[in-house]
Structures are given as structure tokens and as C-alpha cells.
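Okay, protein_24.tsv is below, TSV, C-alpha atoms and all ligand atoms:
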```tsv
chain	number	residue	atom	x	y	z
A	1	MET	CA	27.89	-23.26	22.01
A	2	ARG	CA	25.56	-26.29	21.87
A	3	ILE	CA	22.91	-26.47	19.18
A	4	SER	CA	19.88	-28.63	19.92
A	5	ALA	CA	19.08	-31.47	17.52
A	6	SER	CA	15.85	-29.86	16.29
A	7	LEU	CA	17.54	-26.47	15.73
A	8	PHE	CA	20.35	-28.25	13.91
A	9	LEU	CA	17.86	-30.07	11.67
A	10	SER	CA	16.02	-26.79	10.94
A	11	LEU	CA	19.28	-25.14	9.95
A	12	VAL	CA	20.15	-28.05	7.64
A	13	PHE	CA	16.64	-27.87	6.12
A	14	LEU	CA	16.90	-24.10	5.55
A	15	ALA	CA	20.31	-24.43	3.92
A	16	ALA	CA	18.85	-27.06	1.57
A	17	LEU	CA	15.94	-24.91	0.37
A	18	PRO	CA	16.15	-24.28	-3.39
A	19	ALA	CA	16.54	-20.80	-4.92
A	20	GLY	CA	13.33	-18.85	-4.76
A	21	SER	CA	12.04	-20.35	-1.57
A	22	VAL	CA	12.15	-18.70	1.80
A	23	SER	CA	12.04	-19.75	5.39
A	24	ALA	CA	8.87	-20.37	7.35
A	25	ALA	CA	6.61	-17.37	7.09
A	26	SER	CA	4.63	-15.38	9.61
A	27	GLY	CA	1.85	-17.44	11.15
A	28	ASP	CA	1.85	-21.03	10.01
A	29	ARG	CA	2.37	-20.41	6.29
A	30	VAL	CA	5.44	-22.06	4.84
A	31	ALA	CA	7.04	-21.16	1.52
A	32	THR	CA	7.20	-23.86	-1.14
A	33	PRO	CA	9.93	-24.09	-3.79
A	34	LEU	CA	9.43	-21.84	-6.80
A	35	PRO	CA	8.90	-23.61	-10.14
A	36	PRO	CA	10.66	-22.20	-13.23
A	37	ILE	CA	9.05	-18.88	-14.19
A	38	THR	CA	8.96	-17.35	-17.68
A	39	ILE	CA	7.38	-13.92	-18.05
A	40	TYR	CA	5.96	-13.09	-21.49
A	41	HIS	CA	6.22	-9.36	-21.70
A	42	LEU	CA	5.30	-6.21	-23.59
A	43	GLU	CA	7.67	-3.33	-22.86
A	44	ALA	CA	6.33	-0.75	-20.38
A	45	ARG	CA	3.00	-2.59	-20.12
A	46	ARG	CA	1.38	-4.46	-17.22
A	47	SER	CA	3.79	-7.40	-17.37
A	48	GLU	CA	6.44	-5.12	-15.86
A	49	ARG	CA	4.61	-5.64	-12.55
A	50	ILE	CA	5.73	-9.27	-12.47
A	51	VAL	CA	9.31	-8.38	-13.38
A	52	TRP	CA	9.30	-5.77	-10.60
A	53	LEU	CA	7.87	-8.32	-8.12
A	54	MET	CA	10.57	-10.87	-8.98
A	55	GLU	CA	13.27	-8.22	-8.65
A	56	GLU	CA	11.93	-7.15	-5.24
A	57	LEU	CA	11.94	-10.79	-4.10
A	58	GLY	CA	15.30	-11.64	-5.69
A	59	PHE	CA	13.67	-14.65	-7.38
A	60	PRO	CA	14.93	-16.10	-10.69
A	61	TYR	CA	12.88	-15.71	-13.89
A	62	GLU	CA	13.22	-15.74	-17.64
A	63	LEU	CA	11.92	-12.73	-19.56
A	64	LYS	CA	10.61	-13.03	-23.13
A	65	PHE	CA	9.98	-10.12	-25.45
A	66	VAL	CA	11.25	-8.70	-28.71
A	67	ARG	CA	12.96	-5.41	-27.99
A	68	GLY	CA	11.24	-2.41	-29.59
A	69	ASN	CA	8.60	-4.55	-31.34
A	70	LEU	CA	5.31	-4.91	-29.47
A	71	GLY	CA	3.73	-6.83	-32.38
A	72	ALA	CA	6.49	-9.45	-32.37
A	73	SER	CA	6.33	-9.70	-28.55
A	74	LEU	CA	2.58	-10.26	-28.82
A	75	MET	CA	3.17	-13.02	-31.39
A	76	GLN	CA	5.37	-14.81	-28.82
A	77	ILE	CA	2.53	-14.53	-26.31
A	78	ARG	CA	0.02	-15.87	-28.85
A	79	GLN	CA	2.16	-18.95	-29.35
A	80	VAL	CA	2.00	-19.95	-25.67
A	81	ASN	CA	-1.41	-18.50	-24.81
A	82	PRO	CA	-3.60	-18.43	-27.94
A	83	GLY	CA	-6.83	-18.35	-25.94
A	84	ASN	CA	-5.97	-15.19	-23.99
A	85	PRO	CA	-2.91	-13.50	-25.50
A	86	VAL	CA	-2.24	-10.73	-22.99
A	87	ALA	CA	0.73	-9.44	-21.04
A	88	PRO	CA	1.51	-10.66	-18.50
A	89	THR	CA	1.30	-14.28	-19.53
A	90	VAL	CA	3.45	-16.28	-17.15
A	91	LEU	CA	4.67	-19.82	-17.56
A	92	TYR	CA	4.72	-21.17	-14.00
A	93	GLY	CA	6.11	-24.67	-14.13
A	94	ASP	CA	3.69	-26.35	-16.56
A	95	ASP	CA	0.85	-23.89	-15.91
A	96	ILE	CA	-0.01	-20.68	-17.76
A	97	LEU	CA	-0.99	-17.83	-15.47
A	98	VAL	CA	-2.74	-14.57	-16.42
A	99	GLU	CA	-4.07	-11.52	-14.50
A	100	SER	CA	-1.24	-9.65	-12.88
A	101	GLY	CA	-2.95	-9.40	-9.47
A	102	ALA	CA	-3.61	-13.14	-9.39
A	103	ILE	CA	-0.05	-13.94	-10.51
A	104	ILE	CA	1.34	-11.76	-7.72
A	105	ASP	CA	-0.92	-13.42	-5.15
A	106	VAL	CA	0.10	-16.92	-6.26
A	107	ILE	CA	3.82	-16.12	-6.14
A	108	LEU	CA	3.66	-14.32	-2.79
A	109	ASN	CA	1.29	-16.65	-1.00
A	110	ARG	CA	3.05	-19.82	-2.12
A	111	HIS	CA	6.68	-18.78	-2.29
A	112	ALA	CA	7.16	-15.67	-0.14
A	113	PRO	CA	4.28	-15.51	2.33
A	114	ASP	CA	6.07	-13.10	4.64
A	115	ARG	CA	7.11	-10.61	1.93
A	116	LEU	CA	5.49	-7.57	0.28
A	117	GLN	CA	2.16	-7.84	2.07
A	118	PRO	CA	1.22	-6.73	5.57
A	119	ASP	CA	0.43	-9.30	8.19
A	120	ILE	CA	-3.12	-10.55	7.66
A	121	ASN	CA	-4.20	-9.28	11.11
A	122	SER	CA	-2.57	-5.85	10.85
A	123	PRO	CA	-4.59	-2.66	10.28
A	124	ASP	CA	-2.78	-2.21	6.94
A	125	TYR	CA	-3.97	-5.53	5.50
A	126	PRO	CA	-7.48	-4.48	4.39
A	127	TRP	CA	-6.00	-1.40	2.66
A	128	HIS	CA	-3.34	-3.47	0.96
A	129	GLN	CA	-6.14	-5.69	-0.40
A	130	ILE	CA	-8.25	-2.71	-1.44
A	131	TRP	CA	-5.44	-1.18	-3.52
A	132	MET	CA	-4.42	-4.57	-4.96
A	133	HIS	CA	-7.92	-4.71	-6.47
A	134	TYR	CA	-8.53	-0.99	-7.03
A	135	ALA	CA	-5.60	-0.90	-9.47
A	136	GLU	CA	-7.38	-2.96	-12.13
A	137	GLY	CA	-10.98	-2.91	-10.91
A	138	SER	CA	-11.39	0.86	-10.55
A	139	LEU	CA	-8.35	2.82	-11.72
A	140	ALA	CA	-7.38	1.00	-14.93
A	141	SER	CA	-10.97	0.43	-15.99
A	142	ARG	CA	-12.11	4.07	-15.49
A	143	MET	CA	-8.90	5.37	-17.06
A	144	GLY	CA	-9.54	3.28	-20.18
A	145	ILE	CA	-13.22	4.12	-20.49
A	146	ASP	CA	-12.82	7.87	-19.97
A	147	TYR	CA	-9.85	8.06	-22.34
A	148	ARG	CA	-11.72	6.38	-25.17
A	149	VAL	CA	-15.01	8.20	-24.65
A	150	TRP	CA	-13.45	11.67	-24.15
A	151	GLN	CA	-11.24	11.11	-27.19
A	152	LEU	CA	-14.30	10.47	-29.35
A	153	GLN	CA	-16.44	13.21	-27.86
A	154	PRO	CA	-15.06	15.72	-25.34
A	155	PRO	CA	-17.77	16.13	-22.66
A	156	GLU	CA	-19.31	19.55	-22.02
A	157	GLN	CA	-19.97	18.76	-18.40
A	158	ARG	CA	-18.73	16.30	-15.85
A	159	SER	CA	-20.86	13.19	-15.37
A	160	PRO	CA	-22.54	12.83	-11.97
A	161	LEU	CA	-21.18	9.26	-12.00
A	162	ARG	CA	-17.71	8.47	-10.68
A	163	ASP	CA	-15.06	9.24	-13.29
A	164	ILE	CA	-11.28	9.08	-13.41
A	165	GLN	CA	-10.83	12.42	-11.57
A	166	GLY	CA	-12.59	11.13	-8.43
A	167	THR	CA	-10.94	7.74	-8.78
A	168	VAL	CA	-7.46	9.29	-8.71
A	169	GLN	CA	-8.45	11.78	-5.97
A	170	TYR	CA	-9.34	8.87	-3.67
A	171	ALA	CA	-5.80	7.53	-4.06
A	172	GLU	CA	-4.34	11.00	-3.54
A	173	ASP	CA	-6.29	11.38	-0.27
A	174	PHE	CA	-5.10	7.98	0.96
A	175	LEU	CA	-1.48	8.93	0.32
A	176	ALA	CA	-1.97	12.10	2.40
A	177	GLU	CA	-2.30	9.78	5.40
A	178	HIS	CA	-0.08	6.82	4.42
A	179	PRO	CA	3.32	6.61	2.72
A	180	TYR	CA	2.38	3.59	0.58
A	181	PHE	CA	-0.65	1.83	-0.83
A	182	GLY	CA	0.49	-1.03	1.39
A	183	GLY	CA	-0.09	1.36	4.35
A	184	SER	CA	2.97	1.96	6.47
A	185	GLU	CA	5.27	-0.11	4.23
A	186	PHE	CA	5.81	-0.74	0.55
A	187	SER	CA	3.78	-3.76	-0.61
A	188	ALA	CA	2.62	-5.54	-3.75
A	189	ALA	CA	-0.29	-3.06	-3.78
A	190	ASP	CA	2.24	-0.35	-4.73
A	191	ILE	CA	3.43	-2.56	-7.59
A	192	MET	CA	-0.16	-3.02	-8.75
A	193	MET	CA	-1.01	0.71	-8.51
A	194	HIS	CA	2.07	2.05	-10.29
A	195	PHE	CA	1.22	0.99	-13.86
A	196	PRO	CA	-2.32	2.42	-14.10
A	197	MET	CA	-1.34	5.55	-12.18
A	198	ASN	CA	1.57	6.23	-14.49
A	199	TYR	CA	-0.57	5.48	-17.56
A	200	THR	CA	-3.35	7.76	-16.29
A	201	PHE	CA	-0.85	10.62	-16.12
A	202	LEU	CA	0.66	9.69	-19.49
A	203	ILE	CA	-2.65	9.80	-21.36
A	204	ASN	CA	-3.58	13.07	-19.61
A	205	VAL	CA	-7.08	12.05	-18.51
A	206	VAL	CA	-6.34	14.01	-15.33
A	207	ASP	CA	-4.06	16.98	-14.70
A	208	ARG	CA	-1.18	15.34	-12.82
A	209	THR	CA	-0.15	18.61	-11.17
A	210	GLN	CA	-3.29	18.34	-9.00
A	211	PHE	CA	-1.94	15.21	-7.31
A	212	PRO	CA	1.24	16.05	-5.37
A	213	ASN	CA	1.05	13.02	-3.06
A	214	ILE	CA	0.84	10.61	-5.97
A	215	ASN	CA	3.71	12.34	-7.78
A	216	GLU	CA	5.85	12.13	-4.66
A	217	TRP	CA	4.93	8.45	-4.09
A	218	MET	CA	5.71	7.64	-7.71
A	219	ALA	CA	9.17	9.21	-7.51
A	220	ARG	CA	9.83	7.33	-4.26
A	221	VAL	CA	8.86	3.88	-5.55
A	222	GLU	CA	10.70	4.46	-8.84
A	223	ALA	CA	13.87	5.13	-6.80
A	224	ARG	CA	13.78	1.58	-5.40
A	225	PRO	CA	16.68	-0.54	-6.65
A	226	ALA	CA	14.26	-3.30	-7.74
A	227	TYR	CA	12.22	-0.84	-9.82
A	228	LYS	CA	15.40	0.39	-11.48
A	229	ARG	CA	16.52	-3.17	-12.27
A	230	MET	CA	13.05	-3.90	-13.66
A	231	ALA	CA	13.25	-0.79	-15.88
A	232	GLU	CA	16.73	-1.72	-17.12
A	233	VAL	CA	15.78	-5.23	-18.18
A	234	SER	CA	12.16	-4.80	-19.22
A	235	LYS	CA	11.97	-1.34	-20.83
A	236	PRO	CA	15.53	-0.55	-21.90
A	237	ASP	CA	14.30	2.04	-24.43
A	238	GLY	CA	11.35	3.36	-22.39
A	239	MET	CA	7.88	2.85	-23.81
A	240	PRO	CA	7.54	1.81	-27.45
A	241	SER	CA	4.39	3.08	-29.20
A	242	PRO	CA	3.20	5.28	-26.34
A	243	PRO	CA	-0.48	6.22	-26.34
A	244	GLU	CA	-1.45	9.67	-27.58
A	245	PRO	CA	-2.16	12.00	-24.65
A	246	LEU	CA	-5.64	13.52	-24.52
A	247	PRO	CA	-5.60	17.27	-25.15
A	248	ASP	CA	-6.43	19.26	-21.99
A	249	SER	CA	-9.50	20.60	-23.80
A	250	ALA	CA	-10.94	17.06	-24.13
A	251	ARG	CA	-11.27	16.67	-20.36
A	252	PRO	CA	-14.63	17.67	-18.84
A	253	PRO	CA	-14.76	20.99	-16.98
A	254	ALA	CA	-14.47	20.96	-13.18
A	255	ARG	CA	-17.76	20.53	-11.38
B	301	LIG	N1	-6.23	-7.31	-16.13
B	301	LIG	C1	-5.13	-7.86	-16.90
B	301	LIG	C2	-4.94	-6.99	-18.13
B	301	LIG	C3	-3.96	-7.57	-19.12
B	301	LIG	C4	-3.84	-6.69	-20.36
B	301	LIG	O1	-4.86	-6.20	-20.91
B	301	LIG	N2	-2.61	-6.43	-20.80
B	301	LIG	C5	-2.38	-5.61	-21.96
B	301	LIG	C6	-1.01	-4.93	-21.87
B	301	LIG	S1	-0.96	-3.70	-20.63
B	301	LIG	C7	-2.36	-6.44	-23.21
B	301	LIG	O2	-1.80	-7.52	-23.21
B	301	LIG	N3	-2.90	-5.96	-24.31
B	301	LIG	C8	-2.79	-6.64	-25.56
B	301	LIG	C9	-4.11	-6.72	-26.26
B	301	LIG	O3	-5.10	-6.28	-25.66
B	301	LIG	O4	-4.14	-7.21	-27.39
B	301	LIG	C10	-3.89	-7.92	-16.00
B	301	LIG	O5	-3.84	-7.18	-15.01
B	301	LIG	O6	-2.99	-8.72	-16.24
```

Can you dump the structure from the file as C-alpha cells?
Amino acid sequence: MRISASLFLSLVFLAALPAGSVSAASGDRVATPLPPITIYHLEARRSERIVWLMEELGFPYELKFVRGNLGASLMQIRQVNPGNPVAPTVLYGDDILVESGAIIDVILNRHAPDRLQPDINSPDYPWHQIWMHYAEGSLASRMGIDYRVWQLQPPEQRSPLRDIQGTVQYAEDFLAEHPYFGGSEFSAADIMMHFPMNYTFLINVVDRTQFPNINEWMARVEARPAYKRMAEVSKPDGMPSPPEPLPDSARPPAR
């Protein structure tokens, strides 16, 4: 079989790509080589999203945390990122990256543009974007506010404003029609949604038995080999210092 000169050159180029880079992506986006990545981590906290992403992609990374000691892990983060010591803090070459959604976007768009996100022109793409942002912008923020407020003073009636119940219900309704937050396929939006969804159930700000689609989705994504590898390396003992669940009686009554 004859191989044309340009095909031959492409094959040589692909073979020479360094670890962490991929071939030309969909459209005209081309992956660039991945710089060294170090993930500063707190066990079973948001930084697990980046570990999970790297495991899904099969990309190399170094993981820094002190097993079973969130305070000591946070001290490590403070040393590299004193101005904003949060997890994830990611050393990306010489740069320090924060905000899990932004970190995921940088890694995917630069180094794996054809992975873990629907094609930009597909019907799934707007939904993928919505859930990428909903995870922190709506779900995590309402979960945190309602938990703290209801802990201090259990409400006698439900607020007419959107609260965590409606915020989770919206996700439940979406999953009645779609298998993943990425739409028809697993995407980085599922990685973004998992942490706040799991935490919402853990702190008992909603009754998780009311959300069968979310429970089923959670079991399905947690069965992924990359999730299991992430759990093994980044939370070998589960969650240290878990938050105290809200008593059922501290949730507002149904409308
Ligand atoms: N929106 C940020 C939130 C980062 C964040 O608050 N991380 C928590 C862990 S889940 C943290 O580092 N907390 C330590 C602290 O607040 O001192 C992201 O998505 O990365």
C-alpha cells in the first residue's frame, strides 16, 4: 500500500506528539502539548473534579495533599496560592489556575478540544454549557446559602424565591429527558455537577429520595473507571471532616 507524502508526514507528526496532547480536533481546533500539571487538593472537595477530568483524559498530573489532614493540605495550598488559597489550585506550567470550571475549560479547549464536550454546533452544546455553569452558579451557591440559613433558623414556610429544592428539581427534570448533563453523552458538565449534587444530598438540604433520576445518574457516573481511579487516589479514606447533615425538621415545609 502506498502512503502519500502528506499522510506520511501527518503520521510522523502524530507519533511525535508529547504525552497529554491529542490529534487534530473537530473543526479547526488543534490540541497543544500539555504543560506539567500539579493539582493542589482537599480530599473529597471540589479539586476532585480536576483529578477526575485528568483520569477521563488519561493525562499525566501530580497530586498534592496530606492524607486525612485538610488543615495541612490547605497549608500546602497557601504556600503556592496565598492570595486565593482554595481547592482546586492548579499549577499549570508556570501559571496558577483557580475556579474548577475555568480550569476544565482551559485543559479541554487547549489540550483535548474533541473530548468531553459536545460539538459546538450540536443541540447538546448549549445544555452542556448551562450545566457547566449551573453547578457553581446556581446549585453550589443555593446549597450553601440554604444550608447556613436553615441551620441558624429553620424556616416556617418556604420562600417564594428560588431555593435549593427548585434548583435540584430543575436538574431532576432535565435528567428525565437526557441521560447526562452533557445531553446524550457524558461530558465535563457531569464532572462539574457531581460534587455539588453529592454535597447537597450529604448535607440533607433536600430529601434525596425525591430525586430518582439524579440518584440513578450519580450511580452511573460513579461506576465509570475514571471516577473510580479518581476516588482511589484522591479520597482513599472517603471524606475527612464531613459536614453535619441538616435535620429533616430544619428544612422548610412543602409549598
Ligand atoms: N468556585 C470555586 C470554589 C473553590 C472552593 O471554595 N473550594 C473549597 C473546597 S470545596 C475550598 O477550598 N475551601 C477552603 C476555604 O474556603 O478556606 C471552584 O469551583 O473552584

Neighbouring residues of ligand LIG 301 (chain B) are defined here as those with any atom at most 10 Å from a ligand atom, counting all atoms listed in the file; list them as a PyMOL selection string.
chain A and resi 40-50+70-71+73-74+77-78+84-90+97-103+133+135-137+140-141+192+195-196+199

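If you measure from each of A:Trp52, A:Phe211, A:Phe201, A:Tyr125 to A:Pro243 using all atoms listed in the file, the closest one turns out to be A:Phe201.
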
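Between A:Val168 and the residues A:Ser122, A:Thr209, A:Thr200, A:Thr38, the shortest atom-to-atom distance, using all atoms listed in the file, involves A:Thr200.
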
Between atom CA of A:Glu244 and atom CA of A:Arg220, measure the distance and give it in Å to one decimal.
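Going from atom CA of A:Glu244 over to atom CA of A:Arg220 covers 26.0 Å.
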
Calculated over all atoms listed in the file, which of the candidates A:Val80, A:Ala219, A:Pro60, A:Leu108 has the smallest distance to A:Ile96?
A:Val80

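Close contacts of A:Ala176, defined as residues with an atom at most 10 Å away when counting only C-alpha atoms, with chain neighbours fewer than 3 positions off set aside, comprise Ala171, Glu172, Asp173, Pro179, Tyr180, Pro212, Asn213 and Ile214 of chain A.
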
Would you mind reading off the distance between atom CA of A:Phe181 and atom CA of A:Val206, one decimal, in Å?
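Going from atom CA of A:Phe181 over to atom CA of A:Val206 covers 19.8 Å.
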
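Here atom CA of A:Gln157 stands at a distance of 14.0 Å from atom CA of A:Asp248.
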
Which one is closest to A:Pro154: A:Pro247, A:Ser138, A:Met54, A:Ile37? Count only C-alpha atoms.
A:Pro247

Considering only C-alpha atoms, state which residue in the set A:Val205, A:Asp94, A:His128, A:Ser241 is at the smallest distance from A:Gly144.
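The answer is A:Val205, which sits nearest to A:Gly144.
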
Between A:Ile120, A:Ala72, A:Leu202, A:Ala254, which is the closest to A:Pro242 once you count only C-alpha atoms?
A:Leu202

Determine, counting all atoms listed in the file, which protein, DNA and RNA residues have an atom within 10 Å of an atom of A:Lys228; residues of the same chain fewer than 6 positions away are not included. Present the result as a list in words.
Trp52, Glu55, Val221, Glu222 and Ser234 of chain A

Enumerate, as a list in words, the protein, DNA and RNA residues whose atoms approach (5.3, -8.0, -0.8) to within 10 Å, taking into account only C-alpha atoms and the coordinate frame of the file.
Leu53, Glu56, Leu57, Ile104, Asp105, Ile107, Leu108, Asn109, Ala112, Pro113, Asp114, Arg115, Leu116, Gln117, Pro118, His128, Gly182, Glu185, Phe186, Ser187, Ala188, Ala189, Asp190 and Ile191 of chain A

Missing atoms in stretch 168-183 of chain A: fill them in up to N, CA and C atoms and send the result as a compact mmCIF listing (two decimals), keeping the file's coordinate frame.
```
# COMPACT_ATOMS: atom_id res chain seq x y z
N VAL A 168 -8.85 8.95 -9.05
CA VAL A 168 -7.46 9.29 -8.71
C VAL A 168 -7.42 10.09 -7.39
N GLN A 169 -8.42 10.96 -7.19
CA GLN A 169 -8.45 11.78 -5.97
C GLN A 169 -8.50 10.89 -4.71
N TYR A 170 -9.23 9.79 -4.81
CA TYR A 170 -9.34 8.87 -3.67
C TYR A 170 -7.95 8.33 -3.30
N ALA A 171 -7.17 8.01 -4.31
CA ALA A 171 -5.80 7.53 -4.06
C ALA A 171 -4.93 8.65 -3.49
N GLU A 172 -5.10 9.84 -4.03
CA GLU A 172 -4.34 11.00 -3.54
C GLU A 172 -4.64 11.23 -2.05
N ASP A 173 -5.90 11.15 -1.68
CA ASP A 173 -6.29 11.38 -0.27
C ASP A 173 -5.71 10.29 0.64
N PHE A 174 -5.68 9.06 0.15
CA PHE A 174 -5.10 7.98 0.96
C PHE A 174 -3.62 8.25 1.21
N LEU A 175 -2.93 8.70 0.18
CA LEU A 175 -1.48 8.93 0.32
C LEU A 175 -1.18 10.16 1.19
N ALA A 176 -2.18 10.99 1.45
CA ALA A 176 -1.97 12.10 2.40
C ALA A 176 -1.78 11.55 3.81
N GLU A 177 -2.33 10.38 4.05
CA GLU A 177 -2.30 9.78 5.40
C GLU A 177 -1.34 8.60 5.52
N HIS A 178 -0.91 8.04 4.40
CA HIS A 178 -0.08 6.82 4.42
C HIS A 178 1.04 6.97 3.40
N PRO A 179 2.23 6.47 3.70
CA PRO A 179 3.32 6.61 2.72
C PRO A 179 3.17 5.69 1.51
N TYR A 180 2.48 4.58 1.67
CA TYR A 180 2.38 3.59 0.58
C TYR A 180 0.95 3.08 0.46
N PHE A 181 0.64 2.50 -0.69
CA PHE A 181 -0.65 1.83 -0.83
C PHE A 181 -0.71 0.57 0.03
N GLY A 182 0.46 0.07 0.41
CA GLY A 182 0.49 -1.03 1.39
C GLY A 182 0.27 -0.53 2.81
N GLY A 183 0.08 0.78 3.01
CA GLY A 183 -0.09 1.36 4.35
C GLY A 183 1.21 1.95 4.82
```
